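A.B. asks: Questions regarding the structure given below will be posed in turn.
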Amino acid sequence: MSQSLRQKIENKTAIIGIVGLGYVGLPLVERFLSVGLKVIGFDNDKEKINSLCHGESYIEHIKPEPLFQSYQNGFFSPTTDYSLINTVDTIILCLPTPLNKNREPDISFIVGTTQSIIHYLRQGQLISLESTTYPGTTEEVLRPLLEQAGFVVGDDIFLVYSPEREDPGNPIYKTQNIPKVCGGCSQRCLQAGVALYQQIIDEVIPVSSTQSAETTKILENTFRAVNIALVNELKMVSDKMDLDIFEVIRTAATKPFGYMPFFPGPGLGGHCIPIDPFYLTWKAREYGITTKFIELAGEINTSMPDYVISKLMEALNSHSKPLRDSRVLILGVAYKKNVDDKRESPALELIEKMQNLGALVEYSDPHVPQLTKMRRFDLKMSSIEITHSNLSLFDCVLIVTEHEKFDWNTIYDCSRLIVDTRGIFKADKVKVFRA
């Protein structure tokens with residue numbers, strides 16, 4: 001690492017560039033500003049930039065006041081002008097990495113953005129990729145792009161991979177106290193990455209390569225996906241056996257060793273867990289390996305919305321109602337409780353599937369007032385308030401996300417029929433059905 005870059009980082013005179021101001025990028029902006037570093041935030045979405053310039057935050061758990069104060073005093077500059085990449089010392093890429101329609105990795109955002117900024121890069125800069133991706137992306141995709149532009153990685157420009165580990169809504173673990181993994185394309189690259197992240201993270205974990213860091217991230221989320229698939233499958237078995245799977249899981253969790261509780265649900269949500277395992281299975285095929293265990297888990301998890309709809313139809317049938325023309329209220333469209341993040345939420349797929357089957361669907365979510373167009377879904381809907389009169393209008397209430405802001409007593413008392421995917425209520429097969 002060049003001495004001037006290290007000095008700038010340690011003296012807090014370095015200018016930090018963060019590309020992508022979403023659920024990963026904006027918390028990083030917040031942390032770098034909090035330690036006194038100047039930040040330029042880049043995003044193609046003009047609405048996001050305008051919101052930040054007017055003192056508004058579009059992410060619920062990010063308070064707008066500190067960002068706006070930093071904007072007013074010149075420490076934070078949100079922009080769509082990528083030519084300003086030339087003025088920053090470090091560039092952190094926080095870009096989406098979805099799956100395509102064939103469930104294969106789509107790294108077009110990484111490639112396209114790198115190609116857009118490459119003409120503005122200069123010697124001495126550090127580039128860090130934080131997007132979740134398959135092992136080898138940094139070395140096999142980003143490094144060649146930089147070298148084709150005439151840079152010598154590890155000499156006049158530095159390249160690292162440091163996976164994001166954000167957990168929106170977690171009251172204990174924030175950006176600062178979640179250990180940060182970092183792998184470099186060379187030892188000098190690694191030193192630069194560690195120096196950068198040590199400014200904002202309590203503990204930085206250096207690893208031997210970018211591939212190791214990439215695989216670490218994939219492993220973390222594949223572990224969760226596989227275990228969630230296990231309990232989702234057990235939920236279906238328990239339903240046939242007339243057992244309460246949530247009671248079973250909580251009882252098993254009393255064992256103080258050798259067990260970690262995972263809970264079933266209506267499907268996987270968030271940007272990581274529904275996507276990351278497929279990145280690994282795709283890469284494994286390059287080496288002639290079929291990851292049967294991981295692919296089976298993916299099949300189970302992606303089938304859960306259909307299972308939920310089958311249980312919904314069963315519940316309605318018990319009340320002599322078909323799904324077609326029934327009014328269904330979905331409770332919660334965020335992918336997890338107490339957040340406004342709806343990326344890959346199973347609620348969106350449930351809404352679309354039920355509408356296609358003729359149901360009249362509305363939703364209530366205190367964290368998501370409106371549904372707007374997303375990559376996979378175009379559901380123009382607004383949240384309705386939970387009231388006695390509103391609940392009485394629906395043939396069935398489907399619990400998808402267990403937000404703490406929901407008044408569960410009112411929901412139980414005023415609903416005609418409840419299908420519960422989260423174990424909020426005890427099933428009685430009359431008013432409450434588990435799904």
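For the structure tokens, the naming scheme is as follows: chains receive sequential letters (A, B, ...) according to their order of presentation, residues are indexed from 1 within each chain, and ligands are indexed from 1 in presentation order.
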Show me, as a PDB file with C-alpha atoms, in the first residue's frame, the residues that have an atom within 8 Å of stretch 300-305 of chain A when counting only C-alpha atoms, minus same-chain residues fewer than 2 positions from it.

C.D. replies:
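New file result-v7.pdb:
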ATOM      1  CA  ALA A 225     -30.716 -21.384   4.038  1.00  0.00           C
ATOM      2  CA  ILE A 228     -34.357 -22.949   7.340  1.00  0.00           C
ATOM      3  CA  ALA A 229     -35.175 -25.528   4.662  1.00  0.00           C
ATOM      4  CA  ASN A 232     -39.697 -25.707   6.693  1.00  0.00           C
ATOM      5  CA  GLU A 233     -39.810 -29.367   5.718  1.00  0.00           C
ATOM      6  CA  GLY A 265     -41.852 -19.278   7.531  1.00  0.00           C
ATOM      7  CA  PRO A 266     -43.636 -18.522   4.246  1.00  0.00           C
ATOM      8  CA  GLY A 267     -40.408 -18.536   2.253  1.00  0.00           C
ATOM      9  CA  LEU A 268     -37.029 -16.813   2.235  1.00  0.00           C
ATOM     10  CA  LEU A 296     -32.549 -29.488  -2.337  1.00  0.00           C
ATOM     11  CA  ALA A 297     -32.680 -26.813   0.369  1.00  0.00           C
ATOM     12  CA  GLY A 298     -33.279 -24.219  -2.333  1.00  0.00           C
ATOM     13  CA  TYR A 307     -47.468 -24.482   0.373  1.00  0.00           C
ATOM     14  CA  VAL A 308     -48.820 -21.397   2.148  1.00  0.00           C
ATOM     15  CA  ILE A 309     -51.411 -20.850  -0.588  1.00  0.00           C
ATOM     16  CA  PRO A 346     -42.110 -13.978   0.009  1.00  0.00           C
ATOM     17  CA  GLU A 349     -44.806 -13.594  -4.517  1.00  0.00           C
ATOM     18  CA  LEU A 350     -47.789 -14.553  -2.379  1.00  0.00           C
TER      19      LEU A 350
END

A.B. asks: Give me, as a list in words, all polymer residues having an atom no more than 8 Å from stretch 103-120 of chain A, counting only C-alpha atoms and skipping those fewer than 3 positions away in the same chain.

C.D. replies: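 Once the adjacent positions are removed, what remains is Tyr82, Ser83, Leu84, Ile85, Asn86, Leu93, Leu95, Pro96, Thr97, Pro98, Leu99, Asn100, Thr133, Tyr134, Val141, Leu142, Leu145, Leu146, Ala149, Phe278, Tyr279 and Trp282 of chain A.
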
A.B. asks: Limited to N, CA and C atoms, could you put the picked residues into a file as a PDB file, in the first residue's frame?

C.D. replies:
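part34.pdb, freshly written:
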ATOM      1  N   TYR A  82     -20.511  10.344 -11.804  1.00  0.00           N
ATOM      2  CA  TYR A  82     -19.432   9.388 -11.576  1.00  0.00           C
ATOM      3  C   TYR A  82     -18.050   9.944 -11.935  1.00  0.00           C
ATOM      4  N   SER A  83     -17.985  11.093 -12.543  1.00  0.00           N
ATOM      5  CA  SER A  83     -16.671  11.687 -12.815  1.00  0.00           C
ATOM      6  C   SER A  83     -15.962  12.067 -11.523  1.00  0.00           C
ATOM      7  N   LEU A  84     -16.736  12.229 -10.445  1.00  0.00           N
ATOM      8  CA  LEU A  84     -16.144  12.572  -9.144  1.00  0.00           C
ATOM      9  C   LEU A  84     -15.381  11.408  -8.534  1.00  0.00           C
ATOM     10  N   ILE A  85     -15.457  10.230  -9.156  1.00  0.00           N
ATOM     11  CA  ILE A  85     -14.645   9.090  -8.708  1.00  0.00           C
ATOM     12  C   ILE A  85     -13.168   9.481  -8.699  1.00  0.00           C
ATOM     13  N   ASN A  86     -12.776  10.351  -9.588  1.00  0.00           N
ATOM     14  CA  ASN A  86     -11.377  10.782  -9.675  1.00  0.00           C
ATOM     15  C   ASN A  86     -10.911  11.521  -8.431  1.00  0.00           C
ATOM     16  N   LEU A  93     -17.771  -0.609  -3.487  1.00  0.00           N
ATOM     17  CA  LEU A  93     -18.866  -0.985  -4.380  1.00  0.00           C
ATOM     18  C   LEU A  93     -19.915  -1.779  -3.610  1.00  0.00           C
ATOM     19  N   LEU A  95     -23.271  -2.949  -4.617  1.00  0.00           N
ATOM     20  CA  LEU A  95     -24.166  -3.074  -5.756  1.00  0.00           C
ATOM     21  C   LEU A  95     -24.997  -4.351  -5.680  1.00  0.00           C
ATOM     22  N   PRO A  96     -26.202  -4.340  -6.255  1.00  0.00           N
ATOM     23  CA  PRO A  96     -27.036  -5.556  -6.216  1.00  0.00           C
ATOM     24  C   PRO A  96     -26.457  -6.672  -7.068  1.00  0.00           C
ATOM     25  N   THR A  97     -26.616  -7.888  -6.607  1.00  0.00           N
ATOM     26  CA  THR A  97     -26.192  -9.079  -7.356  1.00  0.00           C
ATOM     27  C   THR A  97     -27.338 -10.082  -7.343  1.00  0.00           C
ATOM     28  N   PRO A  98     -28.373  -9.837  -8.133  1.00  0.00           N
ATOM     29  CA  PRO A  98     -29.532 -10.737  -8.137  1.00  0.00           C
ATOM     30  C   PRO A  98     -29.265 -12.004  -8.931  1.00  0.00           C
ATOM     31  N   LEU A  99     -30.258 -12.841  -9.011  1.00  0.00           N
ATOM     32  CA  LEU A  99     -30.229 -14.006  -9.895  1.00  0.00           C
ATOM     33  C   LEU A  99     -31.039 -13.678 -11.147  1.00  0.00           C
ATOM     34  N   ASN A 100     -30.647 -14.254 -12.280  1.00  0.00           N
ATOM     35  CA  ASN A 100     -31.458 -14.069 -13.478  1.00  0.00           C
ATOM     36  C   ASN A 100     -32.626 -15.048 -13.472  1.00  0.00           C
ATOM     37  N   THR A 133     -21.245 -12.349  -3.885  1.00  0.00           N
ATOM     38  CA  THR A 133     -21.042 -12.892  -5.213  1.00  0.00           C
ATOM     39  C   THR A 133     -20.342 -14.243  -5.122  1.00  0.00           C
ATOM     40  N   TYR A 134     -20.143 -14.882  -6.250  1.00  0.00           N
ATOM     41  CA  TYR A 134     -19.540 -16.214  -6.241  1.00  0.00           C
ATOM     42  C   TYR A 134     -18.017 -16.115  -6.059  1.00  0.00           C
ATOM     43  N   VAL A 141     -13.062 -11.244 -12.545  1.00  0.00           N
ATOM     44  CA  VAL A 141     -13.875 -10.249 -13.256  1.00  0.00           C
ATOM     45  C   VAL A 141     -13.333  -8.831 -13.050  1.00  0.00           C
ATOM     46  N   LEU A 142     -13.230  -8.413 -11.791  1.00  0.00           N
ATOM     47  CA  LEU A 142     -12.802  -7.035 -11.530  1.00  0.00           C
ATOM     48  C   LEU A 142     -11.334  -6.799 -11.872  1.00  0.00           C
ATOM     49  N   LEU A 145     -10.572  -6.267 -15.554  1.00  0.00           N
ATOM     50  CA  LEU A 145     -11.070  -4.978 -16.026  1.00  0.00           C
ATOM     51  C   LEU A 145     -10.096  -3.858 -15.679  1.00  0.00           C
ATOM     52  N   LEU A 146      -9.550  -3.910 -14.472  1.00  0.00           N
ATOM     53  CA  LEU A 146      -8.588  -2.885 -14.051  1.00  0.00           C
ATOM     54  C   LEU A 146      -7.277  -3.006 -14.824  1.00  0.00           C
ATOM     55  N   ALA A 149      -7.336  -1.685 -18.257  1.00  0.00           N
ATOM     56  CA  ALA A 149      -7.289  -0.220 -18.281  1.00  0.00           C
ATOM     57  C   ALA A 149      -5.887   0.311 -17.998  1.00  0.00           C
ATOM     58  N   PHE A 278     -27.374 -20.175  -4.439  1.00  0.00           N
ATOM     59  CA  PHE A 278     -27.391 -20.450  -5.877  1.00  0.00           C
ATOM     60  C   PHE A 278     -26.112 -19.957  -6.548  1.00  0.00           C
ATOM     61  N   TYR A 279     -25.482 -18.942  -5.968  1.00  0.00           N
ATOM     62  CA  TYR A 279     -24.177 -18.504  -6.473  1.00  0.00           C
ATOM     63  C   TYR A 279     -23.145 -19.608  -6.281  1.00  0.00           C
ATOM     64  N   TRP A 282     -23.870 -22.635  -8.653  1.00  0.00           N
ATOM     65  CA  TRP A 282     -23.475 -22.290 -10.029  1.00  0.00           C
ATOM     66  C   TRP A 282     -21.965 -22.413 -10.195  1.00  0.00           C
TER      67      TRP A 282
END

A.B. asks: What lies within 9 Å of A:Glu352 using only C-alpha atoms, ignoring chain neighbours under 4 positions off, as a list in words?

C.D. replies: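 Listed by chain and then number, they are Ala347, Leu348, Asn356, Leu357, Val361, Phe377 and Leu379 of chain A.
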
A.B. asks: One number please: atom CA of A:Val226 to atom CA of A:Ile275, in Å, one decimal.

C.D. replies: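 Going from atom CA of A:Val226 over to atom CA of A:Ile275 covers 12.3 Å.
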
A.B. asks: Could you pull the residues within 10 Å of stretch 395-407 of chain A, counting only C-alpha atoms, minus those fewer than 6 positions along the same chain, as number ranges by chain?

C.D. replies: A: 265-267, 308-309, 312, 315-316, 319, 321, 323, 325-339, 345-347, 350, 360-367, 386-387, 415-424, 431-435

A.B. asks: Tell me, as a list in words, which residues lie within 8 Å of A:Thr132, counting only C-alpha atoms; anything in the same chain fewer than 6 positions away does not count.

C.D. replies: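 In the requested format, the answer is Thr97, Pro163, Glu164, Glu214, Lys217, Ile218, Cys272 and Asp276 of chain A.
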
A.B. asks: Let's have the selection written as a compact mmCIF listing (two decimals), in the first residue's frame, with C-alpha atoms.

C.D. replies:
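In the end it all went to again09.txt:
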# COMPACT_ATOMS: atom_id res chain seq x y z
CA THR A 97 -26.19 -9.08 -7.36
CA PRO A 163 -18.46 -8.85 2.22
CA GLU A 164 -21.26 -6.88 3.81
CA GLU A 214 -16.16 -14.44 -1.01
CA LYS A 217 -19.99 -14.87 2.88
CA ILE A 218 -21.58 -17.60 0.77
CA CYS A 272 -28.73 -12.71 0.79
CA ASP A 276 -26.30 -16.71 -2.14

A.B. asks: Find the residue from A:Ala192, A:Pro78, A:Glu65, A:Gly183 that sits nearest to A:Ser4; use only C-alpha atoms when measuring.

C.D. replies: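 Ranking A:Ala192, A:Pro78, A:Glu65, A:Gly183 by distance to A:Ser4, first place goes to A:Ala192.
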
A.B. asks: What is the distance between atom CA of A:Gly193 and atom CA of A:Val160, in Å to one decimal?

C.D. replies: 6.2 Å

A.B. asks: Pick out each residue of stretch 243-326 of chain A that DSSP on the backbone tags as alpha helix (DSSP H); I need them as a PyMOL selection string.

C.D. replies: chain A and resi 245-252+276-286+292-318

A.B. asks: What is the atom CA of A:Lys380 to atom CA of A:Ile59 distance in Å?

C.D. replies: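 Answer for the atom CA of A:Lys380 to atom CA of A:Ile59 separation: 19.3 Å.
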